[in-house]
>>> print(open('upload.txt').read())   # compact mmCIF, C-alpha atoms
# COMPACT_ATOMS: atom_id res chain seq x y z
CA MET F 1 3.20 33.07 137.27
CA THR F 2 6.08 34.63 139.09
CA ILE F 3 6.37 38.35 139.61
CA GLY F 4 9.46 39.58 137.83
CA LEU F 5 11.13 42.77 136.78
CA GLU F 6 8.67 43.51 133.99
CA HIS F 7 5.73 43.71 136.38
CA PHE F 8 7.35 46.59 138.24
CA LEU F 9 8.40 48.19 134.96
CA VAL F 10 4.84 48.11 133.67
CA VAL F 11 3.55 49.70 136.87
CA GLY F 12 6.22 52.39 136.56
CA ALA F 13 5.33 53.00 132.92
CA LEU F 14 1.63 53.39 133.76
CA ILE F 15 2.31 55.85 136.57
CA PHE F 16 4.73 57.76 134.34
CA GLY F 17 2.13 58.03 131.58
CA ILE F 18 -0.52 59.28 133.96
CA GLY F 19 1.93 61.80 135.40
CA LEU F 20 2.83 62.93 131.90
CA TYR F 21 -0.82 63.55 131.09
CA VAL F 22 -1.34 65.48 134.34
CA ALA F 23 1.76 67.60 133.74
CA LEU F 24 0.78 68.39 130.15
CA ALA F 25 -2.97 68.83 130.34
CA LYS F 26 -3.90 70.22 133.74
CA ARG F 27 -4.75 73.88 134.01
CA ASN F 28 -3.70 74.63 137.58
CA ALA F 29 0.05 75.10 138.01
CA ILE F 30 0.02 73.13 141.26
CA ALA F 31 -1.66 70.23 139.46
CA VAL F 32 1.13 70.39 136.87
CA LEU F 33 3.64 70.05 139.69
CA MET F 34 1.68 67.07 140.97
CA GLY F 35 2.12 65.43 137.57
CA VAL F 36 5.85 66.06 137.72
CA GLU F 37 5.99 64.39 141.13
CA LEU F 38 4.10 61.38 139.78
CA MET F 39 6.61 61.04 136.95
CA LEU F 40 9.54 61.25 139.38
CA ASN F 41 7.94 58.55 141.52
CA ALA F 42 7.55 56.28 138.51
CA VAL F 43 11.20 56.75 137.60
CA ASN F 44 12.26 56.01 141.16
CA LEU F 45 10.18 52.85 141.20
CA THR F 46 11.75 51.73 137.94
CA LEU F 47 15.25 52.40 139.27
CA VAL F 48 14.67 50.50 142.50
CA ALA F 49 13.20 47.59 140.53
CA PHE F 50 16.24 47.48 138.24
CA GLY F 51 18.51 47.57 141.27
CA ARG F 52 16.65 44.71 142.88
CA PHE F 53 16.83 42.51 139.80
CA THR F 54 20.42 43.17 138.75
CA VAL F 55 23.84 42.81 140.31
CA THR F 56 25.78 46.07 140.59
CA ASP F 57 29.40 46.77 141.42
CA VAL F 58 28.60 48.95 144.40
CA ALA F 59 25.90 47.36 146.51
CA LEU F 60 22.62 49.28 146.51
CA SER F 61 23.98 52.08 144.34
CA THR F 62 20.57 52.40 142.67
CA GLN F 63 18.96 53.14 146.00
CA VAL F 64 21.55 55.82 146.68
CA PHE F 65 20.73 57.26 143.27
CA VAL F 66 17.03 57.24 144.13
CA MET F 67 17.80 59.11 147.33
CA PHE F 68 19.49 61.86 145.33
CA ILE F 69 16.49 62.01 143.01
CA ILE F 70 14.17 62.40 146.00
CA ALA F 71 16.31 65.22 147.39
CA THR F 72 16.30 66.98 144.01
CA ALA F 73 12.55 66.51 143.71
CA ALA F 74 12.03 68.10 147.11
CA ALA F 75 14.12 71.11 146.07
CA GLU F 76 12.27 71.31 142.75
CA VAL F 77 8.80 71.28 144.29
CA ALA F 78 9.77 73.90 146.90
CA VAL F 79 11.02 76.31 144.24
CA GLY F 80 8.12 75.48 141.91
CA LEU F 81 5.49 76.20 144.53
CA ALA F 82 7.26 79.41 145.48
CA LEU F 83 7.13 80.43 141.80
CA ALA F 84 3.42 79.61 141.72
CA MET F 85 2.93 81.85 144.75
CA VAL F 86 4.74 84.72 143.05
CA VAL F 87 2.70 84.32 139.88
CA TYR F 88 -0.50 84.21 141.92
CA ARG F 89 0.44 87.36 143.77
CA ASN F 90 1.19 89.27 140.59
CA ARG F 91 -1.49 87.93 138.23
CA ASP F 92 -4.18 86.66 140.64
CA THR F 93 -4.29 83.33 138.83
CA ILE F 94 -2.19 80.20 138.47
CA SER F 95 -3.94 78.80 135.42
CA VAL F 96 -1.17 77.96 133.01
CA ASP F 97 -3.23 79.01 129.97
CA ARG F 98 -3.81 82.45 131.43
CA ILE F 99 -0.17 83.11 132.28
CA ASN F 100 0.61 84.48 128.82
CA LEU F 101 2.82 87.39 129.73
CA MET F 102 5.57 86.27 127.35
CA ARG F 103 3.29 85.34 124.47
CA TRP F 104 4.24 87.18 121.33
CA MET O 1 9.36 34.98 146.05
CA ASP O 2 6.28 33.17 144.87
CA SER O 3 4.34 33.04 148.08
CA VAL O 4 0.73 34.07 148.10
CA GLY O 5 1.46 37.04 150.32
CA TYR O 6 4.04 38.37 147.87
CA HIS O 7 1.58 38.16 145.00
CA LEU O 8 -1.16 39.73 147.08
CA ALA O 9 1.11 42.58 148.20
CA PHE O 10 2.35 43.34 144.70
CA TRP O 11 -1.01 43.27 142.98
CA SER O 12 -2.87 45.22 145.64
CA LEU O 13 -0.16 47.87 145.86
CA ALA O 14 0.10 48.14 142.08
CA VAL O 15 -3.66 48.60 141.78
CA ILE O 16 -3.63 51.16 144.60
CA SER O 17 -0.80 53.21 143.06
CA VAL O 18 -2.09 53.23 139.50
CA GLY O 19 -5.69 53.73 140.61
CA ALA O 20 -4.76 56.63 142.84
CA ALA O 21 -2.73 58.17 140.03
CA LEU O 22 -5.83 57.89 137.84
CA GLY O 23 -7.78 59.53 140.64
CA VAL O 24 -5.45 62.53 140.39
CA VAL O 25 -6.55 62.84 136.75
CA VAL O 26 -10.29 62.36 137.10
CA SER O 27 -11.14 64.02 140.41
CA ARG O 28 -12.87 67.35 139.93
CA ASN O 29 -11.54 68.97 143.08
CA LEU O 30 -7.92 69.93 143.54
CA ILE O 31 -7.89 69.00 147.23
CA HIS O 32 -9.20 65.53 146.37
CA ALA O 33 -6.51 65.27 143.72
CA VAL O 34 -3.85 65.91 146.36
CA ILE O 35 -5.42 63.23 148.59
CA PHE O 36 -5.23 60.78 145.68
CA LEU O 37 -1.64 61.84 145.11
CA ILE O 38 -0.81 61.01 148.74
CA LEU O 39 -2.42 57.60 148.25
CA ALA O 40 -0.30 57.03 145.14
CA PHE O 41 2.84 57.97 147.11
CA VAL O 42 1.90 55.49 149.85
CA GLY O 43 1.30 52.79 147.24
CA VAL O 44 4.71 53.39 145.68
CA ALA O 45 6.26 53.24 149.17
CA GLY O 46 4.64 49.84 149.64
CA LEU O 47 6.07 48.72 146.30
CA TYR O 48 9.51 49.75 147.57
CA LEU O 49 8.91 47.46 150.54
CA VAL O 50 7.96 44.65 148.16
CA LEU O 51 11.28 45.29 146.40
CA SER O 52 12.97 45.01 149.84
CA ALA O 53 14.15 48.64 149.73
CA GLU O 54 13.05 49.50 153.25
CA PHE O 55 15.12 52.64 153.61
CA ILE O 56 13.80 54.15 150.38
CA ALA O 57 10.27 53.31 151.49
CA VAL O 58 10.74 55.19 154.74
CA VAL O 59 12.32 58.14 152.93
CA GLN O 60 9.42 58.12 150.47
CA VAL O 61 6.88 58.33 153.30
CA LEU O 62 8.86 61.03 155.09
CA VAL O 63 9.61 63.26 152.11
CA TYR O 64 6.69 62.74 149.75
CA VAL O 65 3.81 61.87 152.04
CA GLY O 66 5.02 64.02 154.88
CA ALA O 67 6.55 67.08 153.28
CA ILE O 68 5.70 67.49 149.60
CA SER O 69 1.99 66.75 149.96
CA VAL O 70 1.65 69.18 152.84
CA LEU O 71 3.54 71.77 150.80
CA MET O 72 1.09 71.28 147.91
CA LEU O 73 -1.92 71.54 150.21
CA PHE O 74 -0.49 74.75 151.62
CA ALA O 75 0.05 76.13 148.13
CA ILE O 76 -3.56 75.31 147.18
CA LEU O 77 -4.94 76.89 150.34
CA LEU O 78 -2.77 79.98 149.86
CA THR O 79 -4.19 80.61 146.37
CA PRO O 80 -7.85 81.07 147.32
CA ARG O 81 -8.95 82.97 144.21
CA ALA O 82 -7.47 80.47 141.77
CA ALA O 83 -9.68 77.86 140.12
CA ARG O 84 -9.87 74.61 142.08
CA ASP O 85 -11.83 72.51 139.62
CA ASN O 86 -8.76 70.54 138.44
CA ALA O 87 -9.74 71.23 134.85
CA GLU O 88 -7.75 70.53 131.72
CA THR O 89 -6.46 73.01 129.17
CA SER O 90 -7.08 72.74 125.47
CA MET O 91 -4.00 70.51 125.29
CA ARG O 92 -6.10 67.59 126.53
CA TYR O 93 -6.24 65.61 123.31
CA PRO O 94 -2.59 66.02 122.26
CA ALA O 95 -1.60 65.11 125.82
CA THR O 96 -3.80 62.01 125.70
CA ILE O 97 -2.25 60.91 122.43
CA LEU O 98 1.27 61.53 123.71
CA MET O 99 0.52 59.70 126.97
CA GLY O 100 -0.81 56.73 125.05
CA LEU O 101 2.20 56.57 122.77
CA VAL O 102 4.77 56.93 125.55
CA THR O 103 3.04 54.43 127.82
CA ALA O 104 2.57 51.92 125.01
CA ALA O 105 6.21 52.20 124.01
CA MET O 106 7.46 51.74 127.55
CA VAL O 107 5.13 48.83 128.31
CA PHE O 108 6.12 47.17 125.02
CA VAL O 109 9.83 47.51 125.80
CA ALA O 110 9.32 46.32 129.38
CA VAL O 111 7.40 43.22 128.33
CA GLU O 112 9.23 42.27 125.16
CA THR O 113 12.82 42.70 126.29
CA ASP O 114 14.65 39.72 127.73
CA TRP O 115 16.03 41.43 130.80
CA ALA O 116 18.12 38.48 132.00
CA ALA O 117 17.02 39.51 135.44
CA VAL O 118 18.73 37.85 138.33
CA LEU O 119 17.12 37.87 141.73
CA ASP O 120 19.40 37.03 144.61
CA ASP O 121 18.83 37.56 148.28
CA PRO O 122 18.24 41.16 149.34
CA VAL O 123 21.17 43.00 150.87
CA ALA O 124 21.14 42.65 154.62
CA GLU O 125 21.12 45.83 156.71
CA SER O 126 20.51 47.98 153.67
CA PRO O 127 20.32 51.32 155.59
CA ARG O 128 23.83 50.68 156.90
CA VAL O 129 25.13 49.84 153.42
CA ILE O 130 23.46 52.93 151.93
CA GLY O 131 24.87 55.15 154.65
CA GLN O 132 28.38 53.82 154.22
CA SER O 133 28.34 54.23 150.46
CA LEU O 134 26.97 57.76 150.91
CA ILE O 135 30.14 58.77 152.73
CA ASN O 136 32.53 56.66 150.66
CA GLU O 137 31.77 56.38 146.97
CA PHE O 138 29.09 59.04 146.78
CA VAL O 139 30.44 61.67 149.12
CA LEU O 140 30.73 64.36 146.43
CA PRO O 141 27.13 64.00 145.18
CA PHE O 142 26.06 63.91 148.81
CA GLU O 143 27.66 67.28 149.50
CA ILE O 144 26.33 68.73 146.27
CA ALA O 145 22.85 67.60 147.26
CA ALA O 146 23.29 69.41 150.56
CA VAL O 147 24.30 72.61 148.73
CA LEU O 148 21.38 72.18 146.33
CA LEU O 149 18.88 71.81 149.17
CA THR O 150 20.24 74.90 150.91
CA ALA O 151 20.09 76.91 147.69
CA ALA O 152 16.53 75.73 147.04
CA LEU O 153 15.51 76.66 150.58
CA VAL O 154 16.97 80.15 150.30
CA GLY O 155 15.55 80.58 146.80
CA ALA O 156 12.07 79.50 147.80
CA ILE O 157 12.03 81.89 150.74
CA ALA O 158 13.40 84.74 148.64
CA LEU O 159 10.76 84.12 145.95
CA ALA O 160 7.78 83.69 148.22
CA ARG O 161 8.61 86.55 150.57
CA GLU O 162 6.20 89.44 150.26
CA ASP O 163 7.96 92.63 149.30
CA PRO O 164 6.62 95.47 151.47
CA GLU O 165 7.04 98.12 148.75
CA ASP O 166 4.92 96.53 146.04
CA ALA O 167 2.28 95.05 148.28
CA PRO O 168 -1.04 94.75 146.42
CA LEU O 169 -3.55 97.46 147.24
CA HIS O 170 -6.52 95.14 147.66
CA ASP O 171 -4.91 93.45 150.62
CA GLU O 172 -6.65 95.24 153.46
CA SER O 173 -4.65 93.88 156.34
CA LEU O 174 -1.44 95.13 154.75
CA ALA O 175 -2.99 98.53 154.08
CA MET O 176 -4.07 98.78 157.71
CA GLU O 177 -0.61 97.71 158.74
CA ALA O 178 0.79 100.60 156.71
CA ARG O 179 -1.61 103.17 158.21
CA ARG O 180 -0.84 102.22 161.77
CA PRO O 181 1.68 104.52 163.52
CA GLY O 182 4.98 102.90 164.07
CA PRO O 183 5.80 101.94 167.65
CA HIS O 184 2.57 101.25 169.46
CA GLY O 185 1.97 101.14 173.21
CA PRO O 186 4.18 102.56 175.92
CA GLY O 187 4.52 99.22 177.66
CA PRO O 188 8.06 97.87 177.82
CA SER O 189 7.10 94.24 177.23
CA PRO O 190 5.45 93.21 173.94
CA ASP O 191 2.90 91.00 175.70
CA ASP O 192 0.66 93.76 177.09
CA GLY O 193 1.07 96.14 174.18
CA ASP O 194 -2.49 96.19 172.86
CA GLY O 195 -4.56 94.32 175.40
CA GLY O 196 -4.79 96.10 178.73
CA GLY O 197 -2.05 98.67 178.74
CA SER O 198 -3.82 101.17 176.47
CA ALA O 199 -6.86 101.69 178.74
>>> encode(input="upload.txt", output="structure tokens")
Amino acid sequence: MTIGLEHFLVVGALIFGIGLYVALAKRNAIAVLMGVELMLNAVNLTLVAFGRFTVTDVALSTQVFVMFIIATAAAEVAVGLALAMVVYRNRDTISVDRINLMRW
Amino acid sequence: MDSVGYHLAFWSLAVISVGAALGVVVSRNLIHAVIFLILAFVGVAGLYLVLSAEFIAVVQVLVYVGAISVLMLFAILLTPRAARDNAETSMRYPATILMGLVTAAMVFVAVETDWAAVLDDPVAESPRVIGQSLINEFVLPFEIAAVLLTAALVGAIALAREDPEDAPLHDESLAMEARRPGPHGPGPSPDDGDGGGSA
């Protein structure tokens, strides 16, 4: 049995699902951000796998795309953790089910 | 592509990544969850190496393992009164159902589709090719990414900076800082301000 594209896609799908669960179900806001990072990693893995198993016009354009995703993810996690810090300072908690300031 | 080492590398790295991602879910301590997350990042970096994307693997280790994980550990350690039990909210069962549906759909599509995948030799000197296409075809996204990173840096600092006016009252060190008279110590250099110069 040879290892093909679908093997990497299945691994990416599993990591994405786990990240989705972490992002949706965890109580701590930092754990939610961890789930988002897992999902981004799964997407990056899928993209790199597609780039390895297809022929593109511009060589390695998928890897360039993945680099931009990594840069955006770094910006996202920096701002997200700063927001968590602000919420913690004002409310003394970062549990997402206790941050109900805007609940009607 | 069918050597034993290739199979061994793929399967071990796949098990490590998915298992570590599961460890993020099941571990009952937030610090342990971050450790598992680092392990998952390392596993995905190894999978990039298996896909002969060396540059992305190095960037993954630098950015995710080196920077983002440390940032998350810092955030956890800077929120000492928050719960660290890595518990779930009441959305656990809907999230489980949604995760199962999404994962099943993606695995089904990945397995059942005829991808017509072609596997030719990996691009030689891929960091050089990536660098050249970054300043040729992708120069505008490259500059926008630079602006985005700068904006995120400034925004994160502006958000996380403690405002001196609305400092919380229970923070004793800040309260003491406020009570202290302004310029302290007659010494001209700041090194001997409090230590020996006041005696």
>>> residues_around(input="upload.txt", residues="Ala49 (chain F)", least_positions_apart="4", cutoff="10 Å", atoms="all atoms listed in the file", output="list of chain:residue names")
F:Gly4, F:Leu5, F:Glu6, F:His7, F:Phe8, F:Leu9, F:Gly12, F:Val43, F:Asn44, F:Leu45, F:Phe53, F:Thr54, F:Thr62, F:Gln63, O:Leu47, O:Tyr48, O:Val50, O:Leu51, O:Ser52, O:Ala53
>>> closest_atom_pairs(input="upload.txt", of="chain F", to="chain O", cutoff="6 Å", atoms="all atoms listed in the file", output="JSON lines")
{"residue": "F:Thr2", "atom": "CA", "partner": "O:Asp2", "partner_atom": "CA", "distance": 6.0}
{"residue": "F:Glu6", "atom": "CA", "partner": "O:Ala110", "partner_atom": "CA", "distance": 5.4}
{"residue": "F:Leu9", "atom": "CA", "partner": "O:Ala110", "partner_atom": "CA", "distance": 6.0}
{"residue": "F:Val10", "atom": "CA", "partner": "O:Val107", "partner_atom": "CA", "distance": 5.4}
{"residue": "F:Ala13", "atom": "CA", "partner": "O:Thr103", "partner_atom": "CA", "distance": 5.8}
{"residue": "F:Ile15", "atom": "CA", "partner": "O:Val18", "partner_atom": "CA", "distance": 5.9}
{"residue": "F:Gly17", "atom": "CA", "partner": "O:Met99", "partner_atom": "CA", "distance": 5.2}
{"residue": "F:Tyr21", "atom": "CA", "partner": "O:Ala95", "partner_atom": "CA", "distance": 5.6}
{"residue": "F:Leu24", "atom": "CA", "partner": "O:Ala95", "partner_atom": "CA", "distance": 5.9}
{"residue": "F:Ala25", "atom": "CA", "partner": "O:Arg92", "partner_atom": "CA", "distance": 5.1}
{"residue": "F:Lys26", "atom": "CA", "partner": "O:Glu88", "partner_atom": "CA", "distance": 4.4}
{"residue": "F:Arg27", "atom": "CA", "partner": "O:Glu88", "partner_atom": "CA", "distance": 5.0}
{"residue": "F:Phe53", "atom": "CA", "partner": "O:Leu119", "partner_atom": "CA", "distance": 5.0}
{"residue": "F:Thr54", "atom": "CA", "partner": "O:Val118", "partner_atom": "CA", "distance": 5.6}
{"residue": "F:Ala75", "atom": "CA", "partner": "O:Ala152", "partner_atom": "CA", "distance": 5.3}
{"residue": "F:Val79", "atom": "CA", "partner": "O:Ala156", "partner_atom": "CA", "distance": 4.9}
{"residue": "F:Ala82", "atom": "CA", "partner": "O:Ala160", "partner_atom": "CA", "distance": 5.1}
{"residue": "F:Thr93", "atom": "CA", "partner": "O:Ala82", "partner_atom": "CA", "distance": 5.2}
>>> closest_residue(input="upload.txt", among="F:Ile30, F:Val58, F:Val36, F:Met102", to="Leu83 (chain F)", atoms="all atoms listed in the file")
F:Ile30
>>> residues_near_point(input="upload.txt", point="(0.5, 74.9, 137.8)", cutoff="8 Å", atoms="all atoms listed in the file", output="PyMOL selection string")
chain F and resi 26-33+84+94-96
>>> atom_distance(input="upload.txt", atom1="CA of Gly19 (chain F)", atom2="CA of Leu38 (chain F)")
4.9 Å
>>> atom_distance(input="upload.txt", atom1="CA of Leu81 (chain F)", atom2="CA of Glu37 (chain F)")
12.3 Å
>>> atom_distance(input="upload.txt", atom1="CA of Leu140 (chain O)", atom2="CA of Ala73 (chain F)")
18.5 Å
>>> decode(input="upload.txt", residues="region 15-69 of chain O", atoms="C-alpha atoms", output="mmCIF file, in the first residue's frame")
data_model
loop_
_atom_site.group_PDB
_atom_site.id
_atom_site.type_symbol
_atom_site.label_atom_id
_atom_site.label_comp_id
_atom_site.auth_asym_id
_atom_site.auth_seq_id
_atom_site.Cartn_x
_atom_site.Cartn_y
_atom_site.Cartn_z
ATOM 1 C CA VAL O 15 -0.036 8.962 15.107
ATOM 2 C CA ILE O 16 2.012 11.511 17.061
ATOM 3 C CA SER O 17 0.126 14.513 15.642
ATOM 4 C CA VAL O 18 -3.376 13.106 16.003
ATOM 5 C CA GLY O 19 -2.605 11.578 19.395
ATOM 6 C CA ALA O 20 -1.168 14.815 20.704
ATOM 7 C CA ALA O 21 -4.187 16.708 19.392
ATOM 8 C CA LEU O 22 -6.366 14.246 21.314
ATOM 9 C CA GLY O 23 -4.188 14.902 24.345
ATOM 10 C CA VAL O 24 -5.111 18.580 24.102
ATOM 11 C CA VAL O 25 -8.748 17.508 24.469
ATOM 12 C CA VAL O 26 -8.459 14.976 27.274
ATOM 13 C CA SER O 27 -5.746 16.395 29.522
ATOM 14 C CA ARG O 28 -7.165 17.895 32.690
ATOM 15 C CA ASN O 29 -4.488 20.535 33.139
ATOM 16 C CA LEU O 30 -4.130 23.516 30.850
ATOM 17 C CA ILE O 31 -0.324 23.485 31.016
ATOM 18 C CA HIS O 32 -0.304 19.831 29.950
ATOM 19 C CA ALA O 33 -2.667 20.725 27.133
ATOM 20 C CA VAL O 34 -0.160 23.285 25.853
ATOM 21 C CA ILE O 35 2.610 20.666 26.047
ATOM 22 C CA PHE O 36 0.458 18.320 23.962
ATOM 23 C CA LEU O 37 -0.204 21.169 21.554
ATOM 24 C CA ILE O 38 3.554 21.673 21.115
ATOM 25 C CA LEU O 39 3.901 17.955 20.404
ATOM 26 C CA ALA O 40 1.154 18.193 17.785
ATOM 27 C CA PHE O 41 2.947 21.149 16.161
ATOM 28 C CA VAL O 42 6.194 19.154 16.047
ATOM 29 C CA GLY O 43 4.364 16.199 14.512
ATOM 30 C CA VAL O 44 2.865 18.398 11.802
ATOM 31 C CA ALA O 45 6.335 19.847 11.143
ATOM 32 C CA GLY O 46 7.601 16.300 10.631
ATOM 33 C CA LEU O 47 4.747 15.652 8.211
ATOM 34 C CA TYR O 48 5.860 18.727 6.261
ATOM 35 C CA LEU O 49 9.298 17.124 6.026
ATOM 36 C CA VAL O 50 7.693 13.916 4.756
ATOM 37 C CA LEU O 51 5.988 16.060 2.102
ATOM 38 C CA SER O 52 9.450 17.479 1.250
ATOM 39 C CA ALA O 53 8.456 21.000 2.313
ATOM 40 C CA GLU O 54 11.561 21.677 4.358
ATOM 41 C CA PHE O 55 11.192 25.430 4.521
ATOM 42 C CA ILE O 56 7.622 25.238 5.814
ATOM 43 C CA ALA O 57 8.739 22.691 8.396
ATOM 44 C CA VAL O 58 11.406 25.052 9.702
ATOM 45 C CA VAL O 59 8.957 27.968 9.738
ATOM 46 C CA GLN O 60 6.462 25.781 11.595
ATOM 47 C CA VAL O 61 9.015 24.968 14.292
ATOM 48 C CA LEU O 62 10.120 28.587 14.558
ATOM 49 C CA VAL O 63 6.703 30.226 14.639
ATOM 50 C CA TYR O 64 4.424 27.657 16.238
ATOM 51 C CA VAL O 65 6.723 25.695 18.517
ATOM 52 C CA GLY O 66 8.959 28.620 19.292
ATOM 53 C CA ALA O 67 6.688 31.632 19.473
ATOM 54 C CA ILE O 68 2.996 30.777 19.683
ATOM 55 C CA SER O 69 3.356 28.065 22.315
#
